[in-house]
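Student: To be precise about what I am sending: the file is called structure_35.json and holds JSON, C-alpha atoms and all ligand atoms.
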[["chain", "number", "residue", "atom", "x", "y", "z"],
["G", 359, "MET", "CA", 131.95, -61.84, -52.91],
["G", 360, "GLU", "CA", 133.14, -58.37, -52.11],
["G", 361, "ILE", "CA", 131.47, -57.09, -48.96],
["G", 362, "VAL", "CA", 130.42, -53.46, -49.02],
["G", 363, "ALA", "CA", 129.54, -51.30, -46.00],
["G", 364, "GLY", "CA", 125.77, -51.36, -45.50],
["G", 365, "ASP", "CA", 125.44, -54.98, -46.68],
["G", 366, "VAL", "CA", 123.37, -57.21, -44.40],
["G", 367, "ALA", "CA", 124.69, -60.26, -42.52],
["G", 368, "VAL", "CA", 122.47, -62.80, -40.76],
["G", 369, "ILE", "CA", 124.34, -64.94, -38.24],
["G", 370, "THR", "CA", 122.88, -67.79, -36.21],
["G", 371, "GLY", "CA", 124.49, -68.87, -32.96],
["G", 372, "ALA", "CA", 125.58, -65.24, -32.61],
["G", 373, "GLY", "CA", 125.36, -65.23, -28.81],
["G", 374, "SER", "CA", 128.68, -67.01, -28.27],
["G", 375, "GLY", "CA", 131.93, -68.28, -29.70],
["G", 376, "ILE", "CA", 132.39, -68.33, -33.47],
["G", 377, "GLY", "CA", 128.96, -66.76, -34.13],
["G", 378, "ARG", "CA", 129.65, -63.78, -31.90],
["G", 379, "ALA", "CA", 133.04, -63.29, -33.56],
["G", 380, "LEU", "CA", 131.46, -63.47, -37.04],
["G", 381, "ALA", "CA", 128.82, -60.92, -36.00],
["G", 382, "ARG", "CA", 131.40, -58.51, -34.59],
["G", 383, "HIS", "CA", 133.68, -58.90, -37.60],
["G", 384, "ALA", "CA", 130.75, -58.27, -39.97],
["G", 385, "ALA", "CA", 129.85, -55.12, -38.05],
["G", 386, "SER", "CA", 133.46, -53.96, -38.09],
["G", 387, "LEU", "CA", 133.25, -54.02, -41.92],
["G", 388, "GLY", "CA", 130.18, -51.77, -41.77],
["G", 389, "MET", "CA", 127.67, -54.58, -42.34],
["G", 390, "ARG", "CA", 124.25, -54.35, -40.73],
["G", 391, "VAL", "CA", 123.93, -57.45, -38.57],
["G", 392, "VAL", "CA", 120.92, -59.62, -37.80],
["G", 393, "ALA", "CA", 122.07, -61.67, -34.83],
["G", 394, "ALA", "CA", 120.10, -64.82, -33.96],
["G", 395, "ASP", "CA", 120.43, -67.22, -31.05],
["G", 396, "VAL", "CA", 118.34, -69.31, -28.70],
["G", 397, "GLU", "CA", 120.29, -68.06, -25.65],
["G", 398, "VAL", "CA", 118.65, -64.67, -25.43],
["G", 399, "PRO", "CA", 120.73, -62.81, -22.77],
["G", 400, "LYS", "CA", 123.96, -63.73, -24.60],
["G", 401, "LEU", "CA", 122.38, -62.66, -27.90],
["G", 402, "HIS", "CA", 121.60, -59.22, -26.48],
["G", 403, "GLU", "CA", 125.16, -59.04, -25.15],
["G", 404, "THR", "CA", 126.48, -59.56, -28.69],
["G", 405, "VAL", "CA", 124.25, -56.83, -30.08],
["G", 406, "ALA", "CA", 125.31, -54.46, -27.30],
["G", 407, "LEU", "CA", 128.99, -55.16, -28.08],
["G", 408, "ILE", "CA", 128.32, -54.19, -31.70],
["G", 409, "THR", "CA", 126.21, -51.11, -31.09],
["G", 410, "ASP", "CA", 128.52, -49.87, -28.30],
["G", 411, "ALA", "CA", 131.32, -49.96, -30.87],
["G", 412, "GLY", "CA", 129.22, -47.84, -33.27],
["G", 413, "GLY", "CA", 127.89, -50.72, -35.38],
["G", 414, "THR", "CA", 124.35, -51.60, -36.47],
["G", 415, "ALA", "CA", 122.67, -54.80, -35.29],
["G", 416, "ILE", "CA", 119.38, -56.27, -34.19],
["G", 417, "ALA", "CA", 118.76, -59.31, -32.02],
["G", 418, "VAL", "CA", 116.25, -61.91, -33.21],
["G", 419, "PRO", "CA", 115.73, -64.71, -30.69],
["G", 420, "THR", "CA", 115.62, -67.86, -32.82],
["G", 421, "ASP", "CA", 115.59, -71.62, -32.37],
["G", 422, "VAL", "CA", 117.07, -72.90, -35.62],
["G", 423, "SER", "CA", 115.73, -76.40, -34.99],
["G", 424, "VAL", "CA", 112.19, -75.03, -35.49],
["G", 425, "ALA", "CA", 111.27, -74.22, -39.11],
["G", 426, "GLY", "CA", 108.79, -71.48, -38.12],
["G", 427, "SER", "CA", 111.36, -69.76, -35.95],
["G", 428, "VAL", "CA", 113.83, -69.60, -38.86],
["G", 429, "ALA", "CA", 111.06, -68.33, -41.17],
["G", 430, "ASP", "CA", 110.43, -65.55, -38.62],
["G", 431, "LEU", "CA", 114.16, -64.77, -38.62],
["G", 432, "ALA", "CA", 114.13, -64.40, -42.42],
["G", 433, "ASP", "CA", 111.05, -62.15, -42.21],
["G", 434, "ALA", "CA", 112.76, -60.00, -39.56],
["G", 435, "ALA", "CA", 115.92, -59.65, -41.67],
["G", 436, "PHE", "CA", 114.15, -58.78, -44.94],
["G", 437, "THR", "CA", 111.59, -56.50, -43.25],
["G", 438, "THR", "CA", 114.19, -54.59, -41.23],
["G", 439, "TYR", "CA", 116.98, -54.25, -43.77],
["G", 440, "GLY", "CA", 115.38, -55.21, -47.12],
["G", 441, "ALA", "CA", 118.09, -57.67, -48.18],
["G", 442, "VAL", "CA", 120.46, -60.39, -47.04],
["G", 443, "HIS", "CA", 123.99, -60.46, -48.48],
["G", 444, "LEU", "CA", 125.64, -62.92, -46.11],
["G", 445, "LEU", "CA", 123.92, -65.77, -44.27],
["G", 446, "CYS", "CA", 126.01, -67.67, -41.71],
["G", 447, "ASN", "CA", 124.29, -70.84, -40.55],
["G", 448, "ASN", "CA", 126.54, -71.29, -37.58],
["G", 449, "ALA", "CA", 124.42, -72.41, -34.58],
["G", 450, "GLY", "CA", 125.52, -75.83, -33.40],
["G", 451, "VAL", "CA", 125.49, -78.19, -30.42],
["G", 452, "PHE", "CA", 127.53, -81.16, -29.28],
["G", 453, "SER", "CA", 126.47, -84.33, -27.52],
["G", 454, "GLY", "CA", 128.97, -87.11, -26.82],
["G", 455, "GLY", "CA", 129.11, -90.67, -25.52],
["G", 456, "MET", "CA", 128.89, -94.19, -26.85],
["G", 457, "LEU", "CA", 126.70, -94.49, -29.91],
["G", 458, "TRP", "CA", 124.60, -97.37, -28.58],
["G", 459, "GLU", "CA", 123.78, -95.33, -25.45],
["G", 460, "ARG", "CA", 122.41, -92.37, -27.42],
["G", 461, "THR", "CA", 118.68, -91.83, -27.27],
["G", 462, "MET", "CA", 116.38, -90.49, -29.98],
["G", 463, "ALA", "CA", 116.23, -87.26, -27.96],
["G", 464, "ASP", "CA", 120.04, -86.95, -28.35],
["G", 465, "TRP", "CA", 119.77, -87.57, -32.10],
["G", 466, "ASN", "CA", 116.81, -85.25, -32.61],
["G", 467, "TRP", "CA", 118.50, -82.42, -30.76],
["G", 468, "VAL", "CA", 121.86, -82.67, -32.52],
["G", 469, "MET", "CA", 120.40, -83.26, -35.98],
["G", 470, "GLY", "CA", 117.67, -80.67, -35.29],
["G", 471, "VAL", "CA", 120.22, -77.90, -34.70],
["G", 472, "ASN", "CA", 123.28, -78.95, -36.74],
["G", 473, "LEU", "CA", 121.52, -80.24, -39.86],
["G", 474, "TYR", "CA", 117.90, -79.10, -39.85],
["G", 475, "GLY", "CA", 118.95, -75.62, -38.68],
["G", 476, "ILE", "CA", 120.72, -75.29, -42.04],
["G", 477, "VAL", "CA", 117.90, -76.96, -43.96],
["G", 478, "HIS", "CA", 115.35, -74.58, -42.42],
["G", 479, "ALA", "CA", 117.47, -71.58, -43.41],
["G", 480, "ILE", "CA", 117.85, -72.85, -46.98],
["G", 481, "GLY", "CA", 114.06, -72.94, -47.27],
["G", 482, "ALA", "CA", 113.49, -69.58, -45.58],
["G", 483, "PHE", "CA", 116.30, -67.51, -47.12],
["G", 484, "VAL", "CA", 117.49, -68.96, -50.41],
["G", 485, "PRO", "CA", 114.39, -68.29, -52.57],
["G", 486, "ARG", "CA", 114.47, -64.64, -51.47],
["G", 487, "MET", "CA", 118.23, -64.38, -51.99],
["G", 488, "ILE", "CA", 117.85, -65.78, -55.52],
["G", 489, "ALA", "CA", 114.90, -63.49, -56.29],
["G", 490, "ALA", "CA", 116.86, -60.43, -55.10],
["G", 491, "GLY", "CA", 119.22, -61.01, -58.02],
["G", 492, "HIS", "CA", 122.30, -59.43, -56.39],
["G", 493, "LEU", "CA", 125.44, -61.22, -55.20],
["G", 494, "SER", "CA", 125.08, -62.94, -51.87],
["G", 495, "HIS", "CA", 126.82, -65.72, -49.97],
["G", 496, "ILE", "CA", 126.01, -68.51, -47.51],
["G", 497, "VAL", "CA", 128.51, -69.92, -45.00],
["G", 498, "ASN", "CA", 127.46, -73.12, -43.26],
["G", 499, "THR", "CA", 129.44, -74.07, -40.17],
["G", 500, "ALA", "CA", 130.24, -77.79, -40.22],
["G", 501, "SER", "CA", 133.45, -79.05, -38.56],
["G", 502, "MET", "CA", 136.57, -81.09, -39.28],
["G", 503, "GLY", "CA", 134.23, -83.66, -37.69],
["G", 504, "GLY", "CA", 132.25, -83.43, -40.92],
["G", 505, "LEU", "CA", 135.25, -84.72, -42.90],
["G", 506, "ILE", "CA", 136.95, -87.20, -40.57],
["G", 507, "THR", "CA", 135.56, -89.31, -37.75],
["G", 508, "ASN", "CA", 136.60, -90.36, -34.29],
["G", 509, "GLY", "CA", 134.97, -92.20, -31.40],
["G", 510, "TYR", "CA", 132.50, -91.19, -28.71],
["G", 511, "SER", "CA", 130.60, -88.49, -30.61],
["G", 512, "GLY", "CA", 128.48, -90.30, -33.21],
["G", 513, "PRO", "CA", 125.51, -87.93, -33.51],
["G", 514, "TYR", "CA", 127.80, -84.88, -33.73],
["G", 515, "TYR", "CA", 130.03, -86.31, -36.47],
["G", 516, "THR", "CA", 127.02, -87.64, -38.35],
["G", 517, "SER", "CA", 125.29, -84.24, -38.24],
["G", 518, "LYS", "CA", 128.45, -82.50, -39.44],
["G", 519, "PHE", "CA", 128.93, -84.96, -42.34],
["G", 520, "ALA", "CA", 125.33, -84.09, -43.25],
["G", 521, "ALA", "CA", 126.08, -80.37, -42.94],
["G", 522, "VAL", "CA", 128.96, -80.81, -45.40],
["G", 523, "GLY", "CA", 126.73, -82.85, -47.74],
["G", 524, "VAL", "CA", 123.90, -80.34, -47.76],
["G", 525, "SER", "CA", 126.38, -77.51, -48.38],
["G", 526, "GLU", "CA", 127.86, -79.27, -51.42],
["G", 527, "CYS", "CA", 124.37, -80.04, -52.76],
["G", 528, "LEU", "CA", 123.27, -76.44, -52.22],
["G", 529, "ALA", "CA", 126.29, -75.19, -54.17],
["G", 530, "HIS", "CA", 125.48, -77.60, -57.04],
["G", 531, "ASP", "CA", 121.81, -76.56, -57.16],
["G", 532, "LEU", "CA", 122.58, -72.83, -57.08],
["G", 533, "ARG", "CA", 125.14, -73.21, -59.88],
["G", 534, "SER", "CA", 122.69, -75.27, -61.93],
["G", 535, "VAL", "CA", 120.26, -72.34, -62.07],
["G", 536, "GLY", "CA", 122.95, -69.67, -62.41],
["G", 537, "ALA", "CA", 121.98, -68.03, -59.12],
["G", 538, "PRO", "CA", 124.37, -65.31, -57.89],
["G", 539, "VAL", "CA", 124.53, -66.96, -54.45],
["G", 540, "GLY", "CA", 127.87, -68.41, -53.33],
["G", 541, "VAL", "CA", 128.33, -71.15, -50.77],
["G", 542, "SER", "CA", 131.15, -71.98, -48.37],
["G", 543, "VAL", "CA", 131.45, -74.59, -45.67],
["G", 544, "LEU", "CA", 133.44, -73.75, -42.55],
["G", 545, "VAL", "CA", 135.26, -76.83, -41.18],
["G", 546, "PRO", "CA", 136.96, -75.62, -38.00],
["G", 547, "SER", "CA", 139.52, -77.52, -35.97],
["G", 548, "LEU", "CA", 139.41, -76.85, -32.21],
["G", 549, "ILE", "CA", 138.20, -73.34, -31.35],
["G", 550, "ALA", "CA", 138.06, -71.80, -27.85],
["G", 551, "THR", "CA", 134.28, -71.48, -27.38],
["G", 552, "SER", "CA", 131.52, -72.78, -25.12],
["G", 553, "ILE", "CA", 130.68, -75.79, -27.33],
["G", 554, "GLY", "CA", 131.63, -78.18, -24.48],
["G", 555, "SER", "CA", 128.66, -76.89, -22.47],
["G", 556, "SER", "CA", 126.11, -77.16, -25.29],
["G", 557, "ASP", "CA", 123.67, -78.80, -22.87],
["G", 558, "ARG", "CA", 122.90, -75.33, -21.50],
["G", 559, "ASN", "CA", 120.70, -74.75, -24.55],
["G", 560, "ARG", "CA", 119.07, -78.15, -24.85],
["G", 561, "PRO", "CA", 115.33, -77.57, -25.24],
["G", 562, "GLU", "CA", 112.95, -79.21, -22.79],
["G", 563, "ARG", "CA", 111.40, -81.35, -25.53],
["G", 564, "TRP", "CA", 114.72, -83.10, -26.09],
["G", 565, "ILE", "CA", 115.76, -83.69, -22.48],
["G", 566, "ASP", "CA", 115.55, -87.30, -21.26],
["G", 567, "ARG", "CA", 114.12, -86.66, -17.82],
["G", 568, "ASP", "CA", 114.03, -90.37, -16.96],
["G", 569, "ARG", "CA", 117.71, -90.87, -17.71],
["G", 570, "GLN", "CA", 120.90, -89.84, -15.88],
["G", 571, "ARG", "CA", 123.75, -88.38, -17.92],
["G", 572, "GLY", "CA", 126.19, -91.30, -18.29],
["G", 573, "ALA", "CA", 129.87, -91.32, -17.31],
["G", 574, "ASP", "CA", 130.74, -91.60, -21.02],
["G", 575, "GLU", "CA", 128.88, -88.34, -21.78],
["G", 576, "GLU", "CA", 130.50, -86.54, -18.83],
["G", 577, "PHE", "CA", 133.94, -87.73, -19.92],
["G", 578, "VAL", "CA", 133.54, -86.60, -23.52],
["G", 579, "ALA", "CA", 132.03, -83.19, -22.58],
["G", 580, "ALA", "CA", 134.91, -82.56, -20.13],
["G", 581, "ALA", "CA", 137.51, -83.63, -22.72],
["G", 582, "LEU", "CA", 135.93, -81.33, -25.31],
["G", 583, "THR", "CA", 135.83, -78.41, -22.87],
["G", 584, "ASP", "CA", 139.54, -78.93, -22.06],
["G", 585, "SER", "CA", 140.67, -79.39, -25.66],
["G", 586, "THR", "CA", 138.68, -76.47, -27.08],
["G", 587, "ALA", "CA", 139.99, -74.16, -24.31],
["G", 588, "ALA", "CA", 143.43, -74.51, -25.92],
["G", 589, "GLY", "CA", 142.02, -73.94, -29.41],
["G", 590, "MET", "CA", 142.16, -71.01, -31.80],
["G", 591, "ALA", "CA", 140.50, -67.72, -30.80],
["G", 592, "PRO", "CA", 137.07, -67.20, -32.44],
["G", 593, "ASP", "CA", 138.19, -63.78, -33.73],
["G", 594, "GLU", "CA", 140.89, -65.49, -35.76],
["G", 595, "VAL", "CA", 138.25, -67.81, -37.26],
["G", 596, "ALA", "CA", 136.13, -64.80, -38.24],
["G", 597, "SER", "CA", 139.07, -63.24, -40.12],
["G", 598, "ILE", "CA", 139.64, -66.55, -41.95],
["G", 599, "VAL", "CA", 135.93, -66.77, -42.87],
["G", 600, "PHE", "CA", 135.67, -63.23, -44.25],
["G", 601, "ALA", "CA", 138.86, -63.65, -46.30],
["G", 602, "ALA", "CA", 137.40, -66.89, -47.72],
["G", 603, "VAL", "CA", 134.07, -65.23, -48.58],
["G", 604, "ALA", "CA", 135.94, -62.45, -50.39],
["G", 605, "ALA", "CA", 137.80, -65.15, -52.37],
["G", 606, "ASP", "CA", 134.62, -67.20, -53.01],
["G", 607, "GLN", "CA", 136.39, -70.19, -51.46],
["G", 608, "PHE", "CA", 134.16, -73.24, -50.83],
["G", 609, "TRP", "CA", 136.12, -75.08, -48.12],
["G", 610, "ILE", "CA", 137.12, -72.99, -45.10],
["G", 611, "PRO", "CA", 139.50, -74.92, -42.85],
["G", 612, "THR", "CA", 141.11, -73.15, -39.91],
["G", 613, "LYS", "CA", 144.40, -75.10, -39.73],
["G", 614, "PRO", "CA", 146.94, -76.48, -42.21],
["G", 615, "SER", "CA", 146.47, -79.94, -40.59],
["G", 616, "TYR", "CA", 143.20, -80.10, -42.62],
["G", 617, "HIS", "CA", 145.24, -81.20, -45.67],
["G", 618, "ASP", "CA", 146.89, -84.21, -43.97],
["G", 619, "GLN", "CA", 143.64, -85.17, -42.26],
["G", 620, "ILE", "CA", 141.60, -85.33, -45.46],
["G", 621, "ARG", "CA", 144.48, -86.97, -47.36],
["G", 622, "SER", "CA", 144.63, -89.70, -44.71],
["G", 623, "ARG", "CA", 140.87, -90.23, -44.97],
["G", 624, "HIS", "CA", 140.97, -90.52, -48.75],
["G", 625, "GLU", "CA", 143.95, -92.92, -48.60],
["G", 626, "ASP", "CA", 141.96, -95.13, -46.22],
["G", 627, "MET", "CA", 138.97, -95.04, -48.57],
["G", 628, "GLN", "CA", 141.05, -95.88, -51.64],
["G", 629, "ALA", "CA", 142.77, -98.72, -49.80],
["G", 630, "LEU", "CA", 139.36, -99.92, -48.52],
["G", 631, "ARG", "CA", 140.77, -99.69, -44.95],
["G", 632, "HIS", "CA", 139.04, -99.05, -41.64],
["G", 633, "PRO", "CA", 139.05, -95.25, -41.14],
["G", 634, "ALA", "CA", 141.90, -93.91, -39.04],
["G", 635, "ALA", "CA", 140.85, -91.78, -36.08],
["G", 636, "PRO", "CA", 143.15, -88.76, -36.31],
["G", 637, "PRO", "CA", 142.64, -86.48, -33.31],
["G", 638, "ILE", "CA", 141.07, -83.17, -34.31],
["G", 639, "ASP", "CA", 143.57, -80.54, -33.28],
["R", 1, "LIG", "N1", 134.44, -74.86, -30.96],
["R", 1, "LIG", "C1", 134.94, -75.77, -31.78],
["R", 1, "LIG", "O1", 136.01, -76.37, -31.51],
["R", 1, "LIG", "C2", 134.22, -76.11, -33.05],
["R", 1, "LIG", "C3", 134.87, -76.94, -33.98],
["R", 1, "LIG", "C4", 134.20, -77.27, -35.15],
["R", 1, "LIG", "C5", 132.93, -76.77, -35.41],
["R", 1, "LIG", "N2", 132.33, -75.97, -34.47],
["R", 1, "LIG", "C6", 130.99, -75.47, -34.78],
["R", 1, "LIG", "O2", 130.98, -74.07, -34.66],
["R", 1, "LIG", "C7", 129.62, -73.63, -34.47],
["R", 1, "LIG", "C8", 129.57, -72.59, -33.38],
["R", 1, "LIG", "O3", 129.84, -73.22, -32.14],
["R", 1, "LIG", "P1", 130.85, -72.61, -31.05],
["R", 1, "LIG", "O4", 132.03, -73.50, -31.03],
["R", 1, "LIG", "O5", 131.01, -71.18, -31.26],
["R", 1, "LIG", "O6", 130.04, -72.95, -29.71],
["R", 1, "LIG", "P2", 129.23, -71.99, -28.71],
["R", 1, "LIG", "O7", 128.49, -72.93, -27.81],
["R", 1, "LIG", "O8", 130.15, -71.01, -28.09],
["R", 1, "LIG", "O9", 128.23, -71.24, -29.68],
["R", 1, "LIG", "C9", 127.14, -71.91, -30.28],
["R", 1, "LIG", "C10", 125.94, -70.98, -30.28],
["R", 1, "LIG", "O10", 124.83, -71.66, -30.89],
["R", 1, "LIG", "C11", 123.67, -71.35, -30.14],
["R", 1, "LIG", "N3", 122.60, -72.34, -30.32],
["R", 1, "LIG", "C12", 122.54, -73.58, -29.79],
["R", 1, "LIG", "N4", 121.36, -74.17, -30.13],
["R", 1, "LIG", "C13", 120.68, -73.26, -30.88],
["R", 1, "LIG", "C14", 119.43, -73.27, -31.52],
["R", 1, "LIG", "N5", 118.61, -74.32, -31.43],
["R", 1, "LIG", "N6", 119.04, -72.17, -32.21],
["R", 1, "LIG", "C15", 119.86, -71.06, -32.27],
["R", 1, "LIG", "N7", 121.05, -71.00, -31.66],
["R", 1, "LIG", "C16", 121.47, -72.08, -30.99],
["R", 1, "LIG", "C17", 124.16, -71.31, -28.71],
["R", 1, "LIG", "O11", 123.27, -70.62, -27.84],
["R", 1, "LIG", "C18", 125.50, -70.61, -28.86],
["R", 1, "LIG", "O12", 125.37, -69.21, -28.73],
["R", 1, "LIG", "C19", 128.81, -74.89, -34.20],
["R", 1, "LIG", "O13", 128.12, -75.28, -35.36],
["R", 1, "LIG", "C20", 129.88, -75.91, -33.85],
["R", 1, "LIG", "O14", 129.46, -77.23, -34.09],
["R", 1, "LIG", "C21", 132.94, -75.63, -33.31]]
Mind turning the file's structure into structure tokens?
Tutor:
Amino acid sequence: MEIVAGDVAVITGAGSGIGRALARHAASLGMRVVAADVEVPKLHETVALITDAGGTAIAVPTDVSVAGSVADLADAAFTTYGAVHLLCNNAGVFSGGMLWERTMADWNWVMGVNLYGIVHAIGAFVPRMIAAGHLSHIVNTASMGGLITNGYSGPYYTSKFAAVGVSECLAHDLRSVGAPVGVSVLVPSLIATSIGSSDRNRPERWIDRDRQRGADEEFVAAALTDSTAAGMAPDEVASIVFAAVAADQFWIPTKPSYHDQIRSRHEDMQALRHPAAPPID
């Protein structure tokens, strides 16, 4: 889809990392930006960065794990700007540790944000995007962890496999009705963001007050913080995403290693082998 100045972009998780970079890149193209995040001070910081640079943006505090909150976000976007041309379902959280130590609160939080955040947005935005009749595009942020697996992060990988699945299904359904709405799925490798400290945004209802954070969780969060610090800059990811949207490209990897990683997975599947655990780089 060709983006034209004045088009409207809605971006969740816009207070930090990849989401902030997407919001700033959208504004730099002249898009009007609806920035959404649960971390409100950081969300306002993003909007200030855009408006200080001469761009147009509003902040809509949103918890994507709550259907009503995402419905309010859609209302705010359509009421303020009258249309949505680009929807980036990017908000995401990470929780690590051994699978058998994970609680239902861990699962509900990670699935609530990483999968149901996208599902809520499909319900709130897509009917209006179809009805508008003009070209529009949806980018769902999954992860290379939605295509290959590794240890110690079961709920995260599972949620990202689901994010990939729902993106493929959405693309099929939209094509089946001839809707002018494109879909892409962003599958980043390691990116230098604050994902390793996702716990900062864990809602009260999904905190296990009667349980100490285990050594396995601490270890994985620290390893993720260290490895992502050496990752690609979020601004570079934003450039890759906008080039992919312009080309109507479904898969949006951030590194060439994507090709070997998925080839290795498919070879394992065809040979009926135990999945390899290639490190995500
Ligand atoms: N950083 C990486 O290496 C990497 C790799 C693959 C995929 N991803 C994915 O990229 C996306 C963006 O993450 P990031 O790396 O920029 O991390 P980040 O922590 O810097 O940004 C994530 C943003 O999502 C927001 N958020 C969390 N819960 C929310 C909720 N319930 N409602 C609304 N907003 C919420 C956070 O406040 C934060 O601003 C996530 O989906 C993540 O899983 C990141």
Student: For a cutoff of 7 Å around the file-coordinate point (122.7, -53.9, -42.4), which residues qualify once you count all atoms listed in the file? I'd like the result as a ChimeraX atom specification.
Tutor: /G:364-367,389-391,414,439
Student: Would you give me, as CSV, each residue of stretch 439-497 of chain G having an atom within 12 Å of an atom of stretch 375-386 of chain G, along with its shortest atom pair and that distance in Å to one decimal, using all atoms listed in the file and sorting by chain and residue number?
Tutor:
residue,atom,partner,partner_atom,distance
G:His443,CA,G:Ala384,CA,11.1
G:Leu444,CA,G:Ala384,CA,9.2
G:Leu445,CA,G:Leu380,CA,10.7
G:Cys446,CA,G:Gly377,CA,8.2
G:Asn447,CA,G:Gly377,CA,8.9
G:Asn448,CA,G:Gly377,CA,6.2
G:Ala449,CA,G:Gly377,CA,7.3
G:Gly450,CA,G:Gly377,CA,9.7
G:Val451,CA,G:Gly375,CA,11.8
G:Val497,CA,G:Leu380,CA,10.7
Student: Kindly provide the residues of chain G that approach ligand LIG 1 (chain R) to within 8 Å, each paired with its closest atom pair and their distance in Å to one decimal, based on only C-alpha atoms and all ligand atoms, listed by chain and increasing number, as a tab-separated table.
Tutor:
residue	atom	partner	partner_atom	distance
G:Thr370	CA	R:LIG1	N7	5.9
G:Gly371	CA	R:LIG1	O10	3.5
G:Ala372	CA	R:LIG1	O12	5.6
G:Gly373	CA	R:LIG1	O12	4.0
G:Ser374	CA	R:LIG1	O12	4.0
G:Gly375	CA	R:LIG1	O5	3.4
G:Ile376	CA	R:LIG1	O5	3.9
G:Gly377	CA	R:LIG1	O5	5.7
G:Arg378	CA	R:LIG1	O5	7.6
G:Ala394	CA	R:LIG1	C15	6.5
G:Asp395	CA	R:LIG1	N7	3.9
G:Val396	CA	R:LIG1	C15	4.3
G:Glu397	CA	R:LIG1	O11	4.5
G:Val398	CA	R:LIG1	O11	7.9
G:Lys400	CA	R:LIG1	O12	7.0
G:Leu401	CA	R:LIG1	O12	7.2
G:Pro419	CA	R:LIG1	C15	7.7
G:Thr420	CA	R:LIG1	C15	5.3
G:Asp421	CA	R:LIG1	N6	3.5
G:Val422	CA	R:LIG1	N6	4.0
G:Ser423	CA	R:LIG1	N5	5.0
G:Val424	CA	R:LIG1	N5	7.6
G:Asn447	CA	R:LIG1	O13	7.8
G:Asn448	CA	R:LIG1	O13	4.8
G:Ala449	CA	R:LIG1	O10	3.8
G:Gly450	CA	R:LIG1	O13	3.3
G:Val451	CA	R:LIG1	O14	5.5
G:Phe452	CA	R:LIG1	O14	6.5
G:Gly470	CA	R:LIG1	N5	7.5
G:Val471	CA	R:LIG1	N5	5.1
G:Asn472	CA	R:LIG1	O13	6.2
G:Gly475	CA	R:LIG1	N6	7.3
G:Thr499	CA	R:LIG1	O13	5.1
G:Ala500	CA	R:LIG1	C5	5.6
G:Ser501	CA	R:LIG1	C4	3.9
G:Met502	CA	R:LIG1	C4	6.1
G:Gly503	CA	R:LIG1	C4	6.9
G:Tyr514	CA	R:LIG1	O14	7.8
G:Lys518	CA	R:LIG1	O14	7.6
G:Leu544	CA	R:LIG1	C5	7.8
G:Val545	CA	R:LIG1	C4	6.1
G:Pro546	CA	R:LIG1	C4	4.3
G:Ser547	CA	R:LIG1	C3	5.1
G:Leu548	CA	R:LIG1	O1	3.5
G:Ile549	CA	R:LIG1	O1	3.7
G:Ala550	CA	R:LIG1	N1	5.7
G:Thr551	CA	R:LIG1	O8	4.2
G:Ser552	CA	R:LIG1	O8	3.7
G:Ile553	CA	R:LIG1	O7	3.6
G:Gly554	CA	R:LIG1	O7	7.0
G:Ser555	CA	R:LIG1	O7	6.7
G:Ser556	CA	R:LIG1	O7	5.5
G:Arg558	CA	R:LIG1	O11	7.9
G:Asn559	CA	R:LIG1	N4	5.6
G:Arg560	CA	R:LIG1	N4	7.0
G:Pro561	CA	R:LIG1	N5	7.7
G:Leu582	CA	R:LIG1	O1	7.9
G:Thr586	CA	R:LIG1	O1	5.2
G:Gly589	CA	R:LIG1	O1	6.8
G:Pro592	CA	R:LIG1	O5	7.3
Student: Fewer than 4 positions away in the same chain doesn't count, so skip those; otherwise give me all residues within 6 Å of G:Val539, counting only C-alpha atoms, as a count of residues only.
Tutor: 3
Student: State, in Å with one decimal place, the distance from atom CA of G:Val578 to atom CA of G:Ser511.
Tutor: 7.9 Å
Student: For a quick check of understanding, using all atoms listed in the file, which of G:His632, G:Ala587, G:Pro399, G:Gly491 has the smallest distance to G:Ala537?
Tutor: G:Gly491
Student: Which residue gives the smallest distance to G:Ala435 among G:Ile369, G:Ile488, G:Val468, G:Leu532, with only C-alpha atoms counted?
Tutor: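 Of all the options, G:Ile369 lies closest to G:Ala435.
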Student: Counting all atoms listed in the file, what is within 9 Å of G:Asp430, bar same-chain residues fewer than 4 positions away, as an mmCIF file with C-alpha atoms, in the frame of the given file?
Tutor:
data_model
loop_
_atom_site.group_PDB
_atom_site.id
_atom_site.type_symbol
_atom_site.label_atom_id
_atom_site.label_comp_id
_atom_site.auth_asym_id
_atom_site.auth_seq_id
_atom_site.Cartn_x
_atom_site.Cartn_y
_atom_site.Cartn_z
ATOM 1 C CA VAL G 418 116.250 -61.910 -33.210
ATOM 2 C CA THR G 420 115.620 -67.860 -32.820
ATOM 3 C CA ALA G 425 111.270 -74.220 -39.110
ATOM 4 C CA GLY G 426 108.790 -71.480 -38.120
ATOM 5 C CA ALA G 434 112.760 -60.000 -39.560
ATOM 6 C CA ALA G 435 115.920 -59.650 -41.670
ATOM 7 C CA ALA G 482 113.490 -69.580 -45.580
#
Student: Report, in Å to a single decimal, how far apart atom CA of G:Leu505 and atom CA of G:Arg621 are.
Tutor: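 So the two atoms, atom CA of G:Arg621 and atom CA of G:Leu505, lie 10.5 Å apart.
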Student: Please determine, counting all atoms listed in the file, which residue among G:Ile506, G:Ala629, G:Met359, G:Ala581 has the shortest atom-to-atom distance to G:Gly455.
Tutor: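 Result for the nearest residue to G:Gly455: G:Ala581.
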Student: Rounded to one decimal place, report the atom CA of G:Val599-atom CA of G:Ser525 distance in Å.
Tutor: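 The value is 15.4 Å.
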Student: Using only C-alpha atoms, which of G:Ala529, G:Leu473, G:Ala579, G:Val442 sits nearest G:Tyr515?
Tutor: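 Under the stated criterion, the closest residue is G:Leu473.
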Student: Which residue, G:Glu562, G:Arg569, G:Val477, G:Phe600, has the smallest gap to G:Cys527 when you use only C-alpha atoms?
Tutor: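 Looking at the shortest contact to G:Cys527, the residue is G:Val477.
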